[in-house]
Amino acid sequence: MSGTTPPEQVSKEGAGSSSAVSREWPLYEVFIRARGGLDHKHVGSLHATDARMAIEHARDLYTRRQEGVSIWVVRSSDIAASDPQEAEALFEPARDKVYRHPTFYDIPDEVKTL
Amino acid sequence: MGAVPALGEPSGWSRMYTQGLDVQAADPVSPADEAALERRFQARVDREEKIEPKDWMPARYRATLIRQISQHAHSEIVGMLPEGNWITRAPTLKRKSILIAKVQDEGGHGAYLYSAAETLGITRDQMIEQLLSGKAKYSSIFNYPTPTWADVGAIGWLVDGAAIMNQIPLCRCSYGPYARAMVRVCREESFHQRQGYDIMLQLCRGSAGQKRMAQEALDRWWWPALMMFGPPDATSTHSSDSQRWKIKRFSNDELRQKFVDFTVPQAKFLGISVPDPELRWNAGAQRHEFGAIDWNEFERVLKGNGPCNVERLAERRRAWAQGAWVREAASAYADKQRRRAESCAA
């Protein structure tokens with residue numbers, strides 16, 4: 001990259017120019033499938049101008065040691081998430097429904113393949 | 001660039017990324033509520049629960065993490081420079097490939113850490129601005145020069161070794177995104193330390209001149225490596241809060257001692273000597289005693305007067321400025337693609 005920069009650009013866009021923040025590239029969340037047959041799993045995030053660049057950067061950033069065979073990227077702003085304040089209301093009701101688990105039922109040892 | 005928003009303000013939160021998606025500006029809380037929230041927060045930390053970006057956290061916890069994680073990220077990025085210096089002059093193609101991979105890893109570590117810091121409400125550009133303006137600190141170790149190839153070995157062995165010692169406990173840090181980033185970093189860091197020791201080993205098994213080169217590199221890096229653990233516990237200002245919040249699990253002196261105990265036998269195996277006449281094994285305490293660290297030197301380098309402070313920052317500023325047209329072109333291209341897609345859809 002060095003040596004190819006138009007000098008007027010350098011002076012205009014020196015460190016700490018005031019417009020830098022507004023042009024920050026959007027954030028993408030990265031999901032990697034480690035091996036065929038596994039789910040894509042969230043591994044982190046990165047900045048990119050578009051989805052294609054996000055995939056290319058994700059490849060360099062998150063799969064340098066063969067960590068994956070497939071990459072998903074999603075604009076962070078497109079993800080909706082539950083609110084931690086509502087965690088109790090959302091998840092507490094499942095707590096007392098232990099009958100949803102197979103271990104809740106006492107089956108005599110003589111009964112097989114159940 | 002505009003002023004950095006006061007840490008913990010809702011305006012900062014709105015820039016949080018996903019793991020902090022759309023945090024609603026919190027209603028102002030009364031001091032009594034604040035105290036209750038803080039007690040609940042501390043109880044969660046005490047139970048070893050992880051704190052995630054959208055969870056309530058004390059403003060000082062947030063500020064401490066932003067400072068620590070961003071400085072850590074900056075250290076990774078500036079840390080690419082002393083070794084990058086040797087990529088074109090690595091002695092063999094194998095060493096060159098290894099060094100490129102290592103330096104690329106450091107860039108990756110910086111990126112993981114910047115992302116983790118962003119979850120706390122600071123933007124990437126704000127952090128870069130703080131680095132380039134000299135406002136933010138980075139590890140002083142990278143303000144030392146790498147005059148010979150043996151310095152590349154010594155950095156991997158000692159500097160990455162000390163970094164691992166610091167970073168392994170951070171994998172259990174109370175803040176989820178930082179802990180997760182550190183797990184990745186530590187997994188990759190072990191290769192860095194071993195390749196450094198491998199360079200030292202080869203030099204020490206080589207000619208007398210090569211061995212001398214290894215010894216001189218150890219002489220240069222030993223004391224700065226010990227300083228990497230930070231000021232002695234008695235004078236460390238950030239420690240007590242960080243320990244209570246389980247950001248920091250061991251004190252500076254504890255980690256430094258462990259590093260010395262691990263490293264001295266490794267130097268012995270290489271057949272080179274640690275440049276400390278007071279170094280000796282204390283059989284009773286089962287640890288090494290070592291000489292006093294020159295904290296004046298530490299302060300001097302921290303304040304910007306080390307051998308390479310000016311050079312390192314100038315290099316980062318140059319890289320940022322010279323990359324400006326690339327960033328702009330990529331943004332312009334993405335905008336054009338979006339406009340085209342919109343006009344097709346219309």
# chains A, B, ... in the order shown; residues from 1 in each chain; ligands from 1
call {"tool": "residues_around", "arguments": {"residues": "Ala34 of chain A", "least_positions_apart": "6", "cutoff": "10 Å", "atoms": "only C-alpha atoms", "output": "list of chain:residue names"}}
result
A:His40, A:Lys41, A:Thr63, A:Gln66, A:Glu67, A:Gly68, A:Val69, A:Ser70, A:Ile71
call {"tool": "closest_atom_pairs", "arguments": {"of": "chain B", "to": "chain A", "cutoff": "8 Å", "atoms": "only C-alpha atoms", "output": "tab-separated table"}}
result
residue	atom	partner	partner_atom	distance
B:Met1	CA	A:Ser18	CA	3.6
B:Gly2	CA	A:Ser18	CA	6.2
B:Tyr17	CA	A:Ser76	CA	6.2
B:Thr18	CA	A:Ser76	CA	5.0
B:Leu21	CA	A:Ala81	CA	6.7
B:Lys54	CA	A:Pro84	CA	6.7
B:Asp55	CA	A:Pro84	CA	6.4
B:Gly108	CA	A:Leu61	CA	5.7
B:Ala111	CA	A:Leu46	CA	7.5
B:Tyr112	CA	A:Gly44	CA	7.3
B:Ser115	CA	A:Ser45	CA	6.4
B:Thr123	CA	A:Val21	CA	7.8
B:Arg124	CA	A:Glu24	CA	7.8
B:Asp125	CA	A:Val21	CA	5.8
B:Gln126	CA	A:Val21	CA	7.3
B:Glu129	CA	A:Gly16	CA	5.3
B:Leu132	CA	A:Ala15	CA	6.5
B:Ser133	CA	A:Gly16	CA	7.5
B:Arg317	CA	A:Ala15	CA	6.1
B:Trp320	CA	A:Ala15	CA	6.7
B:Ala321	CA	A:Gly14	CA	5.1
B:Gln322	CA	A:Thr5	CA	5.9
B:Gly323	CA	A:Met1	CA	7.6
B:Ala324	CA	A:Glu13	CA	6.2
B:Trp325	CA	A:Gln9	CA	6.7
B:Ala330	CA	A:Thr49	CA	6.5
B:Ser331	CA	A:Thr49	CA	5.8
B:Ala334	CA	A:Thr49	CA	5.8
call {"tool": "select_by_dssp", "arguments": {"residues": "segment 112-251 of chain B", "states": "alpha helix (DSSP H)", "output": "VMD selection string"}}
result
chain B and resid 112 to 118 124 to 132 149 to 154 160 to 167 176 to 204 208 to 227 239 to 244
call {"tool": "atom_distance", "arguments": {"atom1": "atom CA of Met228 of chain B", "atom2": "atom CA of Ile168 of chain B"}}
result
14.7 Å
call {"tool": "closest_atom_pairs", "arguments": {"of": "segment 171-204 of chain B", "to": "segment 33-51 of chain B", "cutoff": "6 Å", "atoms": "only C-alpha atoms", "output": "JSON lines"}}
result
{"residue": "B:Ser174", "atom": "CA", "partner": "B:Lys50", "partner_atom": "CA", "distance": 5.0}
{"residue": "B:Tyr175", "atom": "CA", "partner": "B:Ile51", "partner_atom": "CA", "distance": 4.9}
{"residue": "B:Gly176", "atom": "CA", "partner": "B:Lys50", "partner_atom": "CA", "distance": 5.3}
